[in-house]
Number of protein chains: 2
Amino acid sequence: MLEWKVNVRETIPYVPGEQPQEGNIIKLNTNENPYPPAPKVASMAEQMDTDKFRLYPDPDVGMLTDKLAEYHGVNSNQVFVGVGSDDVLAMAFLTFFNSDKPILFPDITYSFYKVWAGLFKIPYSNPSLNRDFTINIQDYMVPNGGIVITNPNAPTSLYEPLSSIEDIVKANPCSVVIVDEAYIDFGGESALSLIEKYDNVLVVRTFSKSRSMAGMRIGYAVGNEELINALKSVKLSYNSYTMNMPSIILGTESVEDEQYFQSTLAKIVNTRENVKEQLEAIGFSVLESATNFLFATHERVSAESIFNDLRKKGIYVRYFKTPRIDNYIRITIGTDEEMAIFMEEITKLVK
Amino acid sequence: MLEWKVNVRETIPYVPGEQPQEGNIIKLNTNENPYPPAPKVASMAEQMDTDKFRLYPDPDVGMLTDKLAEYHGVNSNQVFVGVGSDDVLAMAFLTFFNSDKPILFPDITYSFYKVWAGLFKIPYSNPSLNRDFTINIQDYMVPNGGIVITNPNAPTSLYEPLSSIEDIVKANPCSVVIVDEAYIDFGGESALSLIEKYDNVLVVRTFSKSRSMAGMRIGYAVGNEELINALKSVKLSYNSYTMNMPSIILGTESVEDEQYFQSTLAKIVNTRENVKEQLEAIGFSVLESATNFLFATHERVSAESIFNDLRKKGIYVRYFKTPRIDNYIRITIGTDEEMAIFMEEITKLVK
């Protein structure tokens with residue numbers, strides 16, 4: 001019985017944050033955006049010519065790729081799109097990390113990196129972040145098969161100066177350095193300025209956070225044309241058509257509306273700074289955030305109990321029961337109204 | 001310069017059929033459906049709540065999975081969905097084919113199998129189809145690391161009796177046998193009836209052909225719960241959320257409308273049989289098709305020249321310059337109007 005199991009790939013899947021289906025909750029656990037996508041997205045969605053769904057989409061995703069290239073002031077052949085940045089990152093791991101030397105990423109960072117390394121049998125090593133959760137760049141000056149840095153980092157919310165990223169990129173010409181900028185729109189300077197100077201840096205972005213389109217699954221990478229060509233070659237060896245027509249059409253519309261984009265970013269940053277101050281006033285230490293979430297620890301009450309008690313009240317935040325960060329909660333920034341309720345409840349919990 | 005290239009995975013990508021962007025062409029080259037998706041798909045597309053796009057989609061794709069399970073009379077835990085059947089097949093290769101023994105698939109079949117084997121470094125061997133392009137089932141009674149059979153086969157259009165598939169499944173309990181049924185709705189009996197009897201058979205389907213939704217990228221697999229769990233584990237190690245909200249919502253609507261589905265299938269089958277007869281009348285040998293395309297060779301005029309000459313007239317069919325089939329063209333069945341123009345032009349070419 002089940003004799004075929006001997007040939008099955010063993011995996012330890014990534015565990016995403018809960019997606020509770022009840023209506024009446026406050027969801028601050030997966031760093032989604034509290035505001036809807038750009039109004040142009042909604043109006044274009046209504047007008048989509050569904051008769052065209054019978055045809056395959058453009059395998060080059062030309063419309064969206066061109067729009068992103070224009071937005072970032074690069075050439076279209078320097079942009080690669082995928083089904084969320086997870087798809088882009090998974091393909092980048094598969095494409096660039098075929099070395100016997102371990103790839104490097106911090107001990108505390110996006111926990112999917114470990115999962116992809118496991119899936120594709122890529123050796124890896126995890127230098128510890130400093131006690132204050134910053135990177136020690138010397139840790140990335142050792143022989144390696146590739147490097148991944150999330151900047152700003154998750155779940156810490158900290159931004160690492162671009163000069164540190166540049167030092168790492170410069171010191172590793174034989175490795176591709178992936179800079180995962182899922183949160184960069186909320187703070188910090190992008191490594192996009194490095195792609196013309198260095199041929200080994202790949203910047204990865206997502207529409208899931210700043211562009212309010214997690215449900216559409218759109219991510220992309222920007223880099224040297226040769227890096228992008230290598231990614232495309234693997235992508236075309238995996239699935240000719242990964243991005244469906246609605247994502248191509250509605251993703252393009254999102255990029256068109258810069259004013260709406262900037263206004264929601266500003267609202268979130270403003271709410272974030274207010275909430276940070278309020279949390280500090282009730283005994284939390286809160287890391288300096290360059291993202292759409294806060295990473296906080298209380299001087300007296302344990303993070304795990306706060307997480308569980310908030311959950312009972314229908315307020316979902318994220319808690320990682322892993323060494324060094326198991327007394328922190330990660331709080332996604334919602335609307336001002338949501339955060340007022342959150343503050344009311346959390347204040348009661350730490351009294 | 002480009003020192004990182006030493007660690008790049010080498011691939012030979014699949015080459016999909018052309019997707020010409022000009023308007024005034026007759027596109028019979030990628031086995032798309034000439035009829036639009038079910039009317040319910042269009043009306044639901046207009047009503048989608050785009051505000052919800054800010055949230056991640058359901059990683060379990062419960063709505064669509066449940067609907068497909070109900071449609072096929074199986075449990076929801078026997079269904080796995082992906083971004084087109086290419087995504088499902090790629091994940092199945094990655095999941096099930098981790099053996100040192102070669103996987104087996106015919107020399108003439110969907111040419112992506114070779115590409116996935118290359119991408120994931122899976123050894124493979126390709127038994128030759130018989131001279132009439134049928135399978136010799138003895139070829140699949142040898143030690144192997146897995147088996148893939150497209151039924152009906154592409155590009156030949158031939159259906160292999162279910163008893164042959166069952167013999168292969170039964171003889172290989174240590175291997176997962178993937179039956180790729182991209183075209184089964186156009187003819188033949190599905191291997192779905194085998195999934196309760198054998199734990200090693202995985203049936204793969206797509207919305208791209210019979211359901212007129214190539215542009216939405218929806219595919220799925222049905223099999224024993226243990227097979228599906230293994231696939232899910234790899235999927236959750238690759239990308240938690242592969243299917244976006246429009247695909248989940250509109251895919252579900254498509255399955256709701258059985259009457260429309262059956263009526264377009266009947267139209268295509270009817271057109272197919274008419275065109276086959278007309279082609280035979282002008283000197284073509286046409287294989288018995290159980291698909292939405294015909295595979296034809298002319299007694300006098302070379303397939304390559306027919307392909308090129310049709311292209312000049314704005315009629316795109318598919319031509320594979322590969323041994324044994326390089327004198328055949330593959331013709332997707334379009335509307336009666338499209339096929340009338342096609343017949344008019346091809347008749348001139350073989351005069």
# chains A, B, ... in the order shown; residues from 1 in each chain; ligands from 1
>>> interface_residues(of="chain A", to="chain B", cutoff="7 Å", atoms="only C-alpha atoms", output="PyMOL selection string")
chain A and resi 2-4+7-9+11-14+16+32-33+36-37+42+45-46+50-51+53-57+83+86-87+90+95-99+115-116+119+173-176+199-200+212-217+233-234+236-240+242+244-245
>>> select_by_dssp(residues="stretch 22-248 of chain A", states="strand (DSSP E or B)", output="mmCIF file with all heavy atoms, in the first residue's frame")
data_model
loop_
_atom_site.group_PDB
_atom_site.id
_atom_site.type_symbol
_atom_site.label_atom_id
_atom_site.label_comp_id
_atom_site.auth_asym_id
_atom_site.auth_seq_id
_atom_site.Cartn_x
_atom_site.Cartn_y
_atom_site.Cartn_z
ATOM 1 N N ILE A 26 -10.908 41.684 13.406
ATOM 2 C CA ILE A 26 -9.934 42.692 12.973
ATOM 3 C C ILE A 26 -8.662 41.940 12.637
ATOM 4 O O ILE A 26 -8.049 41.300 13.481
ATOM 5 C CB ILE A 26 -9.712 43.744 14.077
ATOM 6 C CG1 ILE A 26 -11.023 44.523 14.282
ATOM 7 C CG2 ILE A 26 -8.584 44.693 13.687
ATOM 8 C CD1 ILE A 26 -10.926 45.626 15.331
ATOM 9 N N LYS A 27 -8.303 41.987 11.356
ATOM 10 C CA LYS A 27 -7.256 41.123 10.839
ATOM 11 C C LYS A 27 -5.952 41.903 10.691
ATOM 12 O O LYS A 27 -5.749 42.612 9.708
ATOM 13 C CB LYS A 27 -7.725 40.559 9.494
ATOM 14 C CG LYS A 27 -6.910 39.394 8.994
ATOM 15 C CD LYS A 27 -7.597 38.699 7.827
ATOM 16 C CE LYS A 27 -6.719 37.583 7.307
ATOM 17 N NZ LYS A 27 -5.370 38.004 6.923
ATOM 18 N N VAL A 79 12.840 43.482 -16.187
ATOM 19 C CA VAL A 79 11.723 43.207 -15.270
ATOM 20 C C VAL A 79 11.176 41.797 -15.508
ATOM 21 O O VAL A 79 10.998 41.377 -16.656
ATOM 22 C CB VAL A 79 10.587 44.241 -15.476
ATOM 23 C CG1 VAL A 79 9.402 43.933 -14.572
ATOM 24 C CG2 VAL A 79 11.086 45.659 -15.240
ATOM 25 N N PHE A 80 10.918 41.086 -14.431
ATOM 26 C CA PHE A 80 10.350 39.739 -14.484
ATOM 27 C C PHE A 80 9.138 39.715 -13.556
ATOM 28 O O PHE A 80 9.231 40.121 -12.402
ATOM 29 C CB PHE A 80 11.400 38.736 -13.996
ATOM 30 C CG PHE A 80 10.892 37.326 -13.840
ATOM 31 C CD1 PHE A 80 10.843 36.470 -14.935
ATOM 32 C CD2 PHE A 80 10.466 36.851 -12.602
ATOM 33 C CE1 PHE A 80 10.374 35.167 -14.789
ATOM 34 C CE2 PHE A 80 9.994 35.548 -12.453
ATOM 35 C CZ PHE A 80 9.947 34.707 -13.550
ATOM 36 N N VAL A 81 7.995 39.232 -14.037
ATOM 37 C CA VAL A 81 6.811 39.188 -13.166
ATOM 38 C C VAL A 81 6.414 37.754 -12.829
ATOM 39 O O VAL A 81 6.699 36.823 -13.578
ATOM 40 C CB VAL A 81 5.597 39.923 -13.789
ATOM 41 C CG1 VAL A 81 5.879 41.400 -13.997
ATOM 42 C CG2 VAL A 81 5.161 39.244 -15.069
ATOM 43 N N GLY A 82 5.747 37.605 -11.689
ATOM 44 C CA GLY A 82 5.302 36.279 -11.262
ATOM 45 C C GLY A 82 4.056 36.353 -10.398
ATOM 46 O O GLY A 82 3.541 37.434 -10.110
ATOM 47 N N ILE A 103 23.771 28.973 0.812
ATOM 48 C CA ILE A 103 23.290 30.340 0.652
ATOM 49 C C ILE A 103 23.131 30.936 2.049
ATOM 50 O O ILE A 103 23.008 30.213 3.036
ATOM 51 C CB ILE A 103 21.965 30.415 -0.141
ATOM 52 C CG1 ILE A 103 20.821 29.680 0.570
ATOM 53 C CG2 ILE A 103 22.163 29.853 -1.548
ATOM 54 C CD1 ILE A 103 19.439 30.001 -0.004
ATOM 55 N N LEU A 104 23.155 32.260 2.109
ATOM 56 C CA LEU A 104 23.121 32.951 3.401
ATOM 57 C C LEU A 104 21.891 33.839 3.523
ATOM 58 O O LEU A 104 21.558 34.578 2.589
ATOM 59 C CB LEU A 104 24.366 33.848 3.558
ATOM 60 C CG LEU A 104 25.747 33.213 3.357
ATOM 61 C CD1 LEU A 104 26.834 34.291 3.460
ATOM 62 C CD2 LEU A 104 25.978 32.119 4.393
ATOM 63 N N TYR A 124 22.009 25.822 3.189
ATOM 64 C CA TYR A 124 21.935 27.212 3.651
ATOM 65 C C TYR A 124 22.524 27.365 5.045
ATOM 66 O O TYR A 124 22.673 26.398 5.779
ATOM 67 C CB TYR A 124 20.498 27.740 3.627
ATOM 68 C CG TYR A 124 19.530 27.016 4.537
ATOM 69 C CD1 TYR A 124 19.285 27.463 5.839
ATOM 70 C CD2 TYR A 124 18.841 25.900 4.089
ATOM 71 C CE1 TYR A 124 18.388 26.814 6.673
ATOM 72 C CE2 TYR A 124 17.947 25.230 4.910
ATOM 73 C CZ TYR A 124 17.721 25.690 6.203
ATOM 74 O OH TYR A 124 16.834 25.031 7.015
ATOM 75 N N SER A 125 22.873 28.592 5.355
ATOM 76 C CA SER A 125 23.436 28.917 6.653
ATOM 77 C C SER A 125 22.815 30.242 7.085
ATOM 78 O O SER A 125 22.543 31.106 6.244
ATOM 79 C CB SER A 125 24.959 29.002 6.509
ATOM 80 O OG SER A 125 25.516 29.600 7.634
ATOM 81 N N ILE A 147 22.893 34.976 -1.626
ATOM 82 C CA ILE A 147 22.506 35.744 -0.431
ATOM 83 C C ILE A 147 21.089 36.283 -0.611
ATOM 84 O O ILE A 147 20.714 36.686 -1.711
ATOM 85 C CB ILE A 147 23.510 36.909 -0.203
ATOM 86 C CG1 ILE A 147 24.899 36.342 0.159
ATOM 87 C CG2 ILE A 147 23.013 37.884 0.873
ATOM 88 C CD1 ILE A 147 26.017 37.358 0.188
ATOM 89 N N VAL A 148 20.316 36.242 0.474
ATOM 90 C CA VAL A 148 18.980 36.845 0.445
ATOM 91 C C VAL A 148 18.836 37.767 1.646
ATOM 92 O O VAL A 148 19.040 37.341 2.787
ATOM 93 C CB VAL A 148 17.856 35.787 0.526
ATOM 94 C CG1 VAL A 148 16.517 36.411 0.140
ATOM 95 C CG2 VAL A 148 18.148 34.578 -0.347
ATOM 96 N N ILE A 149 18.497 39.015 1.382
ATOM 97 C CA ILE A 149 18.276 39.985 2.450
ATOM 98 C C ILE A 149 16.895 40.612 2.243
ATOM 99 O O ILE A 149 16.597 41.109 1.158
ATOM 100 C CB ILE A 149 19.342 41.119 2.406
ATOM 101 C CG1 ILE A 149 20.781 40.560 2.447
ATOM 102 C CG2 ILE A 149 19.088 42.132 3.525
ATOM 103 C CD1 ILE A 149 21.256 40.083 3.778
ATOM 104 N N THR A 150 16.064 40.548 3.260
ATOM 105 C CA THR A 150 14.790 41.268 3.220
ATOM 106 C C THR A 150 15.039 42.647 3.783
ATOM 107 O O THR A 150 15.526 42.766 4.907
ATOM 108 C CB THR A 150 13.737 40.575 4.103
ATOM 109 O OG1 THR A 150 13.732 39.187 3.821
ATOM 110 C CG2 THR A 150 12.359 41.145 3.849
ATOM 111 N N VAL A 177 22.714 38.311 -5.212
ATOM 112 C CA VAL A 177 22.185 38.841 -3.960
ATOM 113 C C VAL A 177 20.741 39.287 -4.221
ATOM 114 O O VAL A 177 20.494 40.190 -5.015
ATOM 115 C CB VAL A 177 23.024 40.029 -3.442
ATOM 116 C CG1 VAL A 177 22.434 40.577 -2.140
ATOM 117 C CG2 VAL A 177 24.482 39.611 -3.254
ATOM 118 N N ILE A 178 19.807 38.591 -3.570
ATOM 119 C CA ILE A 178 18.399 38.947 -3.710
ATOM 120 C C ILE A 178 18.033 39.912 -2.595
ATOM 121 O O ILE A 178 18.264 39.618 -1.420
ATOM 122 C CB ILE A 178 17.498 37.693 -3.617
ATOM 123 C CG1 ILE A 178 17.794 36.733 -4.777
ATOM 124 C CG2 ILE A 178 16.023 38.096 -3.607
ATOM 125 C CD1 ILE A 178 17.028 35.407 -4.684
ATOM 126 N N VAL A 179 17.506 41.067 -2.962
ATOM 127 C CA VAL A 179 17.015 42.011 -1.964
ATOM 128 C C VAL A 179 15.486 42.001 -2.059
ATOM 129 O O VAL A 179 14.904 42.432 -3.046
ATOM 130 C CB VAL A 179 17.576 43.432 -2.184
ATOM 131 C CG1 VAL A 179 17.169 44.346 -1.032
ATOM 132 C CG2 VAL A 179 19.098 43.397 -2.328
ATOM 133 N N ASP A 180 14.873 41.427 -1.044
ATOM 134 C CA ASP A 180 13.425 41.267 -1.017
ATOM 135 C C ASP A 180 12.817 42.533 -0.416
ATOM 136 O O ASP A 180 12.892 42.757 0.790
ATOM 137 C CB ASP A 180 13.101 40.018 -0.173
ATOM 138 C CG ASP A 180 11.614 39.731 -0.082
ATOM 139 O OD1 ASP A 180 10.796 40.573 -0.499
ATOM 140 O OD2 ASP A 180 11.268 38.643 0.427
ATOM 141 N N VAL A 201 22.739 41.882 -8.455
ATOM 142 C CA VAL A 201 21.703 42.211 -7.463
ATOM 143 C C VAL A 201 20.310 42.157 -8.097
ATOM 144 O O VAL A 201 20.064 42.733 -9.159
ATOM 145 C CB VAL A 201 21.973 43.579 -6.783
ATOM 146 C CG1 VAL A 201 22.043 44.715 -7.793
ATOM 147 C CG2 VAL A 201 20.929 43.872 -5.724
ATOM 148 N N LEU A 202 19.443 41.408 -7.450
ATOM 149 C CA LEU A 202 18.073 41.239 -7.935
ATOM 150 C C LEU A 202 17.124 41.796 -6.874
ATOM 151 O O LEU A 202 17.137 41.347 -5.724
ATOM 152 C CB LEU A 202 17.773 39.752 -8.159
ATOM 153 C CG LEU A 202 16.440 39.447 -8.837
ATOM 154 C CD1 LEU A 202 16.536 39.699 -10.343
ATOM 155 C CD2 LEU A 202 16.025 38.000 -8.584
ATOM 156 N N VAL A 203 16.320 42.775 -7.268
ATOM 157 C CA VAL A 203 15.386 43.409 -6.327
ATOM 158 C C VAL A 203 13.993 42.828 -6.559
ATOM 159 O O VAL A 203 13.503 42.812 -7.686
ATOM 160 C CB VAL A 203 15.370 44.937 -6.541
ATOM 161 C CG1 VAL A 203 14.337 45.598 -5.632
ATOM 162 C CG2 VAL A 203 16.760 45.524 -6.300
ATOM 163 N N VAL A 204 13.376 42.330 -5.486
ATOM 164 C CA VAL A 204 12.067 41.681 -5.612
ATOM 165 C C VAL A 204 11.002 42.522 -4.905
ATOM 166 O O VAL A 204 11.211 43.001 -3.792
ATOM 167 C CB VAL A 204 12.117 40.247 -5.040
ATOM 168 C CG1 VAL A 204 10.739 39.596 -5.078
ATOM 169 C CG2 VAL A 204 13.125 39.400 -5.829
ATOM 170 N N ARG A 205 9.870 42.706 -5.578
ATOM 171 C CA ARG A 205 8.778 43.532 -5.058
ATOM 172 C C ARG A 205 7.448 42.776 -5.136
ATOM 173 O O ARG A 205 7.336 41.795 -5.859
ATOM 174 C CB ARG A 205 8.629 44.803 -5.914
ATOM 175 C CG ARG A 205 9.839 45.729 -5.900
ATOM 176 C CD ARG A 205 9.869 46.519 -4.613
ATOM 177 N NE ARG A 205 10.871 47.572 -4.662
ATOM 178 C CZ ARG A 205 10.616 48.837 -5.022
ATOM 179 N NH1 ARG A 205 9.402 49.199 -5.399
ATOM 180 N NH2 ARG A 205 11.578 49.736 -5.019
ATOM 181 N N THR A 206 6.463 43.292 -4.419
ATOM 182 C CA THR A 206 5.145 42.650 -4.436
ATOM 183 C C THR A 206 4.028 43.683 -4.499
ATOM 184 O O THR A 206 4.209 44.817 -4.039
ATOM 185 C CB THR A 206 4.949 41.773 -3.184
ATOM 186 O OG1 THR A 206 3.645 41.208 -3.203
ATOM 187 C CG2 THR A 206 5.107 42.580 -1.892
ATOM 188 N N GLY A 219 3.810 39.721 -8.239
ATOM 189 C CA GLY A 219 5.111 40.119 -7.726
ATOM 190 C C GLY A 219 6.040 40.327 -8.907
ATOM 191 O O GLY A 219 5.715 39.941 -10.030
ATOM 192 N N TYR A 220 7.196 40.937 -8.654
ATOM 193 C CA TYR A 220 8.135 41.112 -9.768
ATOM 194 C C TYR A 220 9.550 41.289 -9.260
ATOM 195 O O TYR A 220 9.773 41.534 -8.072
ATOM 196 C CB TYR A 220 7.720 42.274 -10.676
ATOM 197 C CG TYR A 220 7.674 43.641 -10.042
ATOM 198 C CD1 TYR A 220 8.701 44.567 -10.246
ATOM 199 C CD2 TYR A 220 6.596 44.028 -9.246
ATOM 200 C CE1 TYR A 220 8.650 45.841 -9.682
ATOM 201 C CE2 TYR A 220 6.542 45.291 -8.678
ATOM 202 C CZ TYR A 220 7.569 46.193 -8.897
ATOM 203 O OH TYR A 220 7.515 47.437 -8.330
ATOM 204 N N ALA A 221 10.483 41.114 -10.187
ATOM 205 C CA ALA A 221 11.890 41.315 -9.876
ATOM 206 C C ALA A 221 12.462 42.291 -10.888
ATOM 207 O O ALA A 221 12.027 42.326 -12.043
ATOM 208 C CB ALA A 221 12.650 39.990 -9.946
ATOM 209 N N VAL A 222 13.423 43.084 -10.441
ATOM 210 C CA VAL A 222 14.121 44.012 -11.324
ATOM 211 C C VAL A 222 15.616 43.767 -11.163
ATOM 212 O O VAL A 222 16.102 43.610 -10.036
ATOM 213 C CB VAL A 222 13.787 45.486 -10.983
ATOM 214 C CG1 VAL A 222 14.399 46.435 -12.012
ATOM 215 C CG2 VAL A 222 12.282 45.704 -10.884
ATOM 216 N N GLY A 223 16.321 43.697 -12.270
ATOM 217 C CA GLY A 223 17.761 43.477 -12.197
ATOM 218 C C GLY A 223 18.412 43.599 -13.564
ATOM 219 O O GLY A 223 17.759 43.966 -14.553
#
>>> residues_around(residues="stretch 302-319 of chain A", least_positions_apart="5", cutoff="9 Å", atoms="only C-alpha atoms", output="list in words")
Gly17, Glu18, Pro20, Asn24, Ile25, Ile26, Lys27, Leu28, Asn29, Thr30, Ala296, Thr297, Ile325, Asp326, Asn327, Tyr328, Ile329, Arg330, Ile331, Thr332, Ile341, Phe342, Glu345, Ile346, Leu349 and Val350 of chain A
>>> write_last_selection(atoms="C-alpha atoms", output="JSON list (two decimals), in the first residue's frame")
[["chain", "number", "residue", "atom", "x", "y", "z"],
["A", 17, "GLY", "CA", -0.82, 33.48, 8.91],
["A", 18, "GLU", "CA", -4.38, 32.42, 9.60],
["A", 20, "PRO", "CA", -10.11, 33.29, 9.35],
["A", 24, "ASN", "CA", -16.53, 40.25, 12.43],
["A", 25, "ILE", "CA", -12.79, 40.23, 13.12],
["A", 26, "ILE", "CA", -9.93, 42.69, 12.97],
["A", 27, "LYS", "CA", -7.26, 41.12, 10.84],
["A", 28, "LEU", "CA", -3.80, 42.47, 11.66],
["A", 29, "ASN", "CA", -1.87, 39.24, 11.09],
["A", 30, "THR", "CA", -0.71, 38.98, 7.46],
["A", 296, "ALA", "CA", 6.62, 44.97, 19.77],
["A", 297, "THR", "CA", 7.43, 43.41, 23.12],
["A", 325, "ILE", "CA", 11.56, 36.67, 18.99],
["A", 326, "ASP", "CA", 9.12, 34.60, 21.04],
["A", 327, "ASN", "CA", 8.28, 37.53, 23.25],
["A", 328, "TYR", "CA", 7.27, 39.81, 20.36],
["A", 329, "ILE", "CA", 4.02, 40.29, 18.52],
["A", 330, "ARG", "CA", 3.80, 41.56, 14.97],
["A", 331, "ILE", "CA", 0.93, 43.96, 14.38],
["A", 332, "THR", "CA", -0.17, 44.87, 10.87],
["A", 341, "ILE", "CA", -10.25, 49.14, 18.85],
["A", 342, "PHE", "CA", -6.93, 47.28, 18.92],
["A", 345, "GLU", "CA", -8.23, 45.96, 23.90],
["A", 346, "ILE", "CA", -4.47, 45.69, 24.23],
["A", 349, "LEU", "CA", -4.59, 43.29, 28.52],
["A", 350, "VAL", "CA", -1.41, 44.90, 29.84]]
>>> atom_distance(atom1="atom CA of A:Thr271", atom2="atom CA of A:Glu288")
13.9 Å
>>> select_by_dssp(residues="stretch 134-289 of chain A", states="alpha helix (DSSP H)", output="PyMOL selection string")
chain A and resi 162-171+225-235+245-256+258-281
